[in-house]
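**Student:** Below you'll find run.pdb; it's PDB, C-alpha atoms.
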ATOM      1  CA  MET A   1       0.000   0.000   0.000  1.00  0.00           C
ATOM      2  CA  ILE A   2       1.281   3.463  -0.914  1.00  0.00           C
ATOM      3  CA  ASP A   3       1.836   5.746   2.081  1.00  0.00           C
ATOM      4  CA  ALA A   4       0.245   9.107   1.168  1.00  0.00           C
ATOM      5  CA  LYS A   5       1.872  10.772   4.196  1.00  0.00           C
ATOM      6  CA  ALA A   6       5.295   9.657   2.969  1.00  0.00           C
ATOM      7  CA  LEU A   7       4.589  11.135  -0.477  1.00  0.00           C
ATOM      8  CA  ALA A   8       3.633  14.469   1.117  1.00  0.00           C
ATOM      9  CA  ALA A   9       6.435  14.542   3.719  1.00  0.00           C
ATOM     10  CA  GLU A  10       8.606  17.632   3.828  1.00  0.00           C
ATOM     11  CA  PHE A  11      11.952  17.489   2.056  1.00  0.00           C
ATOM     12  CA  ASP A  12      15.295  18.291   3.650  1.00  0.00           C
ATOM     13  CA  ARG A  13      15.873  22.024   3.441  1.00  0.00           C
ATOM     14  CA  GLN A  14      18.945  21.538   1.243  1.00  0.00           C
ATOM     15  CA  SER A  15      16.627  19.981  -1.379  1.00  0.00           C
ATOM     16  CA  ILE A  16      14.563  23.166  -1.593  1.00  0.00           C
ATOM     17  CA  HIS A  17      15.691  25.764  -4.125  1.00  0.00           C
ATOM     18  CA  TRP A  18      14.572  29.372  -4.378  1.00  0.00           C
ATOM     19  CA  ARG A  19      13.817  31.471  -7.410  1.00  0.00           C
ATOM     20  CA  ALA A  20      13.163  35.183  -7.568  1.00  0.00           C
ATOM     21  CA  GLN A  21       9.700  36.071  -8.807  1.00  0.00           C
ATOM     22  CA  THR A  22       9.872  39.850  -8.653  1.00  0.00           C
ATOM     23  CA  LEU A  23      12.197  42.563  -7.357  1.00  0.00           C
ATOM     24  CA  THR A  24      11.480  45.530  -5.137  1.00  0.00           C
ATOM     25  CA  ARG A  25      11.608  48.864  -6.949  1.00  0.00           C
ATOM     26  CA  ASN A  26      15.170  49.571  -5.777  1.00  0.00           C
ATOM     27  CA  GLY A  27      16.267  45.972  -6.410  1.00  0.00           C
ATOM     28  CA  ASP A  28      17.590  45.225  -2.933  1.00  0.00           C
ATOM     29  CA  LYS A  29      15.115  42.371  -2.289  1.00  0.00           C
ATOM     30  CA  ALA A  30      13.248  39.772  -4.309  1.00  0.00           C
ATOM     31  CA  LEU A  31      10.179  37.679  -3.636  1.00  0.00           C
ATOM     32  CA  ALA A  32      11.615  34.199  -3.027  1.00  0.00           C
ATOM     33  CA  LEU A  33       9.570  31.226  -4.232  1.00  0.00           C
ATOM     34  CA  ALA A  34      10.516  27.738  -3.072  1.00  0.00           C
ATOM     35  CA  TYR A  35      10.662  24.859  -5.534  1.00  0.00           C
ATOM     36  CA  LEU A  36      11.926  21.307  -5.930  1.00  0.00           C
ATOM     37  CA  ASP A  37      14.133  19.810  -8.582  1.00  0.00           C
ATOM     38  CA  ALA A  38      12.358  17.180 -10.702  1.00  0.00           C
ATOM     39  CA  ARG A  39      14.987  14.592  -9.733  1.00  0.00           C
ATOM     40  CA  ASP A  40      14.064  15.001  -6.060  1.00  0.00           C
ATOM     41  CA  VAL A  41      10.431  14.343  -6.985  1.00  0.00           C
ATOM     42  CA  GLN A  42      11.489  11.235  -8.928  1.00  0.00           C
ATOM     43  CA  ASP A  43      13.516  10.044  -5.927  1.00  0.00           C
ATOM     44  CA  ARG A  44      10.481  10.548  -3.674  1.00  0.00           C
ATOM     45  CA  LEU A  45       8.283   8.515  -6.021  1.00  0.00           C
ATOM     46  CA  ASP A  46      10.935   5.774  -6.256  1.00  0.00           C
ATOM     47  CA  GLY A  47      11.366   5.693  -2.478  1.00  0.00           C
ATOM     48  CA  VAL A  48       7.684   5.602  -1.571  1.00  0.00           C
ATOM     49  CA  CYS A  49       6.152   3.720  -4.496  1.00  0.00           C
ATOM     50  CA  GLY A  50       9.095   1.741  -5.817  1.00  0.00           C
ATOM     51  CA  PRO A  51      10.476   2.375  -9.299  1.00  0.00           C
ATOM     52  CA  ASN A  52       8.070  -0.138 -10.878  1.00  0.00           C
ATOM     53  CA  ASN A  53       4.929   1.321  -9.317  1.00  0.00           C
ATOM     54  CA  TRP A  54       4.851   4.792 -10.800  1.00  0.00           C
ATOM     55  CA  GLN A  55       5.139   6.219 -14.298  1.00  0.00           C
ATOM     56  CA  SER A  56       4.761   9.486 -16.154  1.00  0.00           C
ATOM     57  CA  GLU A  57       3.312  10.319 -19.566  1.00  0.00           C
ATOM     58  CA  TYR A  58       3.402  13.569 -21.518  1.00  0.00           C
ATOM     59  CA  THR A  59       1.165  15.098 -24.160  1.00  0.00           C
ATOM     60  CA  GLU A  60       1.261  18.439 -25.898  1.00  0.00           C
ATOM     61  CA  THR A  61      -1.804  20.626 -26.318  1.00  0.00           C
ATOM     62  CA  ALA A  62      -2.675  22.425 -29.529  1.00  0.00           C
ATOM     63  CA  ARG A  63      -1.259  25.608 -27.978  1.00  0.00           C
ATOM     64  CA  GLY A  64       2.079  23.961 -27.163  1.00  0.00           C
ATOM     65  CA  ARG A  65       1.514  23.409 -23.450  1.00  0.00           C
ATOM     66  CA  ILE A  66       2.815  20.210 -21.918  1.00  0.00           C
ATOM     67  CA  ILE A  67       0.516  18.006 -19.843  1.00  0.00           C
ATOM     68  CA  CYS A  68       2.147  15.450 -17.562  1.00  0.00           C
ATOM     69  CA  ARG A  69       0.254  12.542 -16.056  1.00  0.00           C
ATOM     70  CA  ILE A  70       1.738  10.679 -13.125  1.00  0.00           C
ATOM     71  CA  GLY A  71       0.317   7.237 -12.511  1.00  0.00           C
ATOM     72  CA  ILE A  72       0.777   5.277  -9.302  1.00  0.00           C
ATOM     73  CA  ARG A  73      -0.116   1.594  -9.124  1.00  0.00           C
ATOM     74  CA  PHE A  74      -2.400   0.598  -6.274  1.00  0.00           C
ATOM     75  CA  ASP A  75      -2.551  -3.187  -6.241  1.00  0.00           C
ATOM     76  CA  ASP A  76      -3.172  -3.890  -9.944  1.00  0.00           C
ATOM     77  CA  GLU A  77      -4.848  -0.590 -10.830  1.00  0.00           C
ATOM     78  CA  TRP A  78      -3.163   2.587 -12.096  1.00  0.00           C
ATOM     79  CA  VAL A  79      -4.464   5.884 -10.709  1.00  0.00           C
ATOM     80  CA  TRP A  80      -3.513   8.993 -12.679  1.00  0.00           C
ATOM     81  CA  LYS A  81      -3.246  12.678 -11.788  1.00  0.00           C
ATOM     82  CA  SER A  82      -2.128  15.404 -14.171  1.00  0.00           C
ATOM     83  CA  ASP A  83      -1.207  19.046 -14.594  1.00  0.00           C
ATOM     84  CA  GLY A  84       0.452  21.166 -17.227  1.00  0.00           C
ATOM     85  CA  ALA A  85       2.881  23.973 -17.936  1.00  0.00           C
ATOM     86  CA  GLY A  86       4.188  26.039 -20.811  1.00  0.00           C
ATOM     87  CA  ASP A  87       7.764  26.761 -21.798  1.00  0.00           C
ATOM     88  CA  THR A  88       9.894  28.409 -19.120  1.00  0.00           C
ATOM     89  CA  ALA A  89      12.301  31.332 -19.360  1.00  0.00           C
ATOM     90  CA  VAL A  90      15.208  28.990 -18.638  1.00  0.00           C
ATOM     91  CA  GLU A  91      15.652  25.986 -20.952  1.00  0.00           C
ATOM     92  CA  GLY A  92      12.269  26.622 -22.642  1.00  0.00           C
ATOM     93  CA  GLU A  93      10.709  23.306 -23.656  1.00  0.00           C
ATOM     94  CA  LYS A  94      12.733  21.205 -21.199  1.00  0.00           C
ATOM     95  CA  GLY A  95      11.712  23.544 -18.397  1.00  0.00           C
ATOM     96  CA  GLY A  96       8.056  23.218 -19.366  1.00  0.00           C
ATOM     97  CA  ILE A  97       8.286  19.425 -19.299  1.00  0.00           C
ATOM     98  CA  SER A  98       9.939  19.511 -15.878  1.00  0.00           C
ATOM     99  CA  ASP A  99       7.394  22.021 -14.536  1.00  0.00           C
ATOM    100  CA  ALA A 100       4.472  19.914 -15.782  1.00  0.00           C
ATOM    101  CA  PHE A 101       5.956  16.876 -14.023  1.00  0.00           C
ATOM    102  CA  LYS A 102       6.434  18.746 -10.742  1.00  0.00           C
ATOM    103  CA  ARG A 103       2.930  20.241 -10.949  1.00  0.00           C
ATOM    104  CA  ALA A 104       1.423  16.788 -11.503  1.00  0.00           C
ATOM    105  CA  ALA A 105       3.387  15.529  -8.479  1.00  0.00           C
ATOM    106  CA  VAL A 106       1.747  18.228  -6.334  1.00  0.00           C
ATOM    107  CA  HIS A 107      -1.588  16.520  -7.041  1.00  0.00           C
ATOM    108  CA  TRP A 108      -0.116  13.496  -5.242  1.00  0.00           C
ATOM    109  CA  GLY A 109       0.907  15.759  -2.307  1.00  0.00           C
ATOM    110  CA  ILE A 110       4.600  15.950  -3.222  1.00  0.00           C
ATOM    111  CA  GLY A 111       5.898  19.407  -2.311  1.00  0.00           C
ATOM    112  CA  ARG A 112       2.381  20.801  -1.861  1.00  0.00           C
ATOM    113  CA  TYR A 113       3.374  22.354   1.468  1.00  0.00           C
ATOM    114  CA  LEU A 114       5.758  24.694  -0.374  1.00  0.00           C
ATOM    115  CA  TYR A 115       2.743  26.596  -1.715  1.00  0.00           C
ATOM    116  CA  ARG A 116       1.678  27.327   1.862  1.00  0.00           C
ATOM    117  CA  LEU A 117       4.977  28.935   2.903  1.00  0.00           C
ATOM    118  CA  ASP A 118       4.771  32.606   3.800  1.00  0.00           C
ATOM    119  CA  ALA A 119       5.886  35.051   1.117  1.00  0.00           C
ATOM    120  CA  VAL A 120       9.520  35.932   1.737  1.00  0.00           C
ATOM    121  CA  TRP A 121      11.186  39.120   0.552  1.00  0.00           C
ATOM    122  CA  CYS A 122      14.855  38.215   0.729  1.00  0.00           C
ATOM    123  CA  PRO A 123      17.911  40.446   0.259  1.00  0.00           C
ATOM    124  CA  CYS A 124      19.610  39.899  -3.075  1.00  0.00           C
ATOM    125  CA  ALA A 125      22.219  41.219  -5.468  1.00  0.00           C
ATOM    126  CA  THR A 126      21.087  42.512  -8.849  1.00  0.00           C
ATOM    127  CA  TYR A 127      22.605  43.751 -12.078  1.00  0.00           C
ATOM    128  CA  GLU A 128      21.285  46.285 -14.529  1.00  0.00           C
ATOM    129  CA  LYS A 129      20.806  45.685 -18.239  1.00  0.00           C
ATOM    130  CA  ASN A 130      19.108  48.087 -20.657  1.00  0.00           C
ATOM    131  CA  GLY A 131      17.907  50.188 -17.731  1.00  0.00           C
ATOM    132  CA  LYS A 132      16.226  47.271 -15.957  1.00  0.00           C
ATOM    133  CA  LYS A 133      17.329  45.497 -12.777  1.00  0.00           C
ATOM    134  CA  HIS A 134      17.680  41.709 -12.870  1.00  0.00           C
ATOM    135  CA  TRP A 135      18.098  39.251 -10.008  1.00  0.00           C
ATOM    136  CA  GLN A 136      21.635  37.869  -9.714  1.00  0.00           C
ATOM    137  CA  LYS A 137      21.894  35.949  -6.423  1.00  0.00           C
ATOM    138  CA  TRP A 138      20.607  35.757  -2.885  1.00  0.00           C
ATOM    139  CA  THR A 139      22.690  37.661  -0.328  1.00  0.00           C
ATOM    140  CA  ASP A 140      20.864  36.015   2.587  1.00  0.00           C
ATOM    141  CA  ASP A 141      19.213  32.662   3.180  1.00  0.00           C
ATOM    142  CA  PRO A 142      15.499  32.754   2.220  1.00  0.00           C
ATOM    143  CA  TRP A 143      14.797  30.296   5.076  1.00  0.00           C
ATOM    144  CA  LYS A 144      15.707  33.042   7.542  1.00  0.00           C
TER     145      LYS A 144
END
Now that the file is in, can you turn its structure into structure tokens?

**Tutor:**
Amino acid sequence: MIDAKALAAEFDRQSIHWRAQTLTRNGDKALALAYLDARDVQDRLDGVCGPNNWQSEYTETARGRIICRIGIRFDDEWVWKSDGAGDTAVEGEKGGISDAFKRAAVHWGIGRYLYRLDAVWCPCATYEKNGKKHWQKWTDDPWK
């Protein structure tokens, strides 16, 4: 039997990554959003379900969005949950595939708690290009 609590368990903090969603007007802080790497999600599925008891499938919509379905075998029956994403700013199509996979995993409870974390404005370094500030790196730990 698949342990739903184990699927939804929190990850070690070193497995959580942070991306900047938006900068303050002066660029000294950014809104930090927590996320998981797809390989950590795969490891969670392998560890809880076993590598032979889960699978993923992908389809593309007419508008180019990627839909990922994650199936988990319960006894002899596959149960599927899905979600989708479009291309990302980093690694375009590959990023969209990865995002769709991670979003589908949230339907199984994996990493869902990250969406409930408080919004964090974290100090950061920026650079300017064509008159616009861009996030460069965190200067403090978003967990603080």

**Student:** Mind telling me what the PyMOL selection byres ((chain A and resi 38) around 9) catches here, as a PDB file with C-alpha atoms, in the coordinates of the input?

**Tutor:**
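Generated file (selection20.pdb):
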ATOM      1  CA  LEU A  36      11.926  21.307  -5.930  1.00  0.00           C
ATOM      2  CA  ASP A  37      14.133  19.810  -8.582  1.00  0.00           C
ATOM      3  CA  ARG A  39      14.987  14.592  -9.733  1.00  0.00           C
ATOM      4  CA  ASP A  40      14.064  15.001  -6.060  1.00  0.00           C
ATOM      5  CA  VAL A  41      10.431  14.343  -6.985  1.00  0.00           C
ATOM      6  CA  GLN A  42      11.489  11.235  -8.928  1.00  0.00           C
ATOM      7  CA  ASP A  43      13.516  10.044  -5.927  1.00  0.00           C
ATOM      8  CA  SER A  98       9.939  19.511 -15.878  1.00  0.00           C
ATOM      9  CA  ASP A  99       7.394  22.021 -14.536  1.00  0.00           C
ATOM     10  CA  PHE A 101       5.956  16.876 -14.023  1.00  0.00           C
ATOM     11  CA  LYS A 102       6.434  18.746 -10.742  1.00  0.00           C
TER      12      LYS A 102
END

**Student:** List, as a list in words, every residue that the PyMOL selection byres ((chain A and resi 55-71) around 6) selects in the file provided.

**Tutor:**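 In the shown coordinates, the PyMOL selection byres ((chain A and resi 55-71) around 6) covers Trp54, Ile72, Trp78, Val79, Trp80, Lys81, Ser82, Asp83, Gly84, Ala85, Gly86, Ala100 and Phe101 of chain A.
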
**Student:** Let me know the residues the PyMOL selection byres ((chain A and resi 126-143) around 12) catches in the file above, as a ChimeraX atom specification.

**Tutor:** /A:13-14,16-34,114,117-125,144

**Student:** Go ahead and compute the interatomic distance for CA of Leu7 (chain A) and CA of Ala105 (chain A), in Å to one decimal.

**Tutor:** 9.2 Å

**Student:** Mind giving me the straight-line distance from CA of Gly111 (chain A) to CA of Asp46 (chain A) in Å, one decimal?

**Tutor:**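 Computing it gives 15.1 Å between the two atoms.
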
**Student:** State, in Å with one decimal place, the distance from CA of Asn53 (chain A) to CA of Arg116 (chain A).

**Tutor:**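 Straight-line distance from CA of Asn53 (chain A) to CA of Arg116 (chain A) works out to 28.5 Å.
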
**Student:** For Asp3 (chain A), work out the shell of residues within 12 Å, counting all atoms listed in the file and skipping chain neighbours fewer than 6 positions away, then give it as a list in words.

**Tutor:** Ala9, Arg44, Leu45, Gly47, Val48, Cys49, Gly50, Ile72, Phe74, Trp108, Gly109 and Ile110 of chain A

**Student:** Those residues with C-alpha atoms, as a PDB file, in the coordinates of the input please?

**Tutor:**
ATOM      1  CA  ALA A   9       6.435  14.542   3.719  1.00  0.00           C
ATOM      2  CA  ARG A  44      10.481  10.548  -3.674  1.00  0.00           C
ATOM      3  CA  LEU A  45       8.283   8.515  -6.021  1.00  0.00           C
ATOM      4  CA  GLY A  47      11.366   5.693  -2.478  1.00  0.00           C
ATOM      5  CA  VAL A  48       7.684   5.602  -1.571  1.00  0.00           C
ATOM      6  CA  CYS A  49       6.152   3.720  -4.496  1.00  0.00           C
ATOM      7  CA  GLY A  50       9.095   1.741  -5.817  1.00  0.00           C
ATOM      8  CA  ILE A  72       0.777   5.277  -9.302  1.00  0.00           C
ATOM      9  CA  PHE A  74      -2.400   0.598  -6.274  1.00  0.00           C
ATOM     10  CA  TRP A 108      -0.116  13.496  -5.242  1.00  0.00           C
ATOM     11  CA  GLY A 109       0.907  15.759  -2.307  1.00  0.00           C
ATOM     12  CA  ILE A 110       4.600  15.950  -3.222  1.00  0.00           C
TER      13      ILE A 110
END
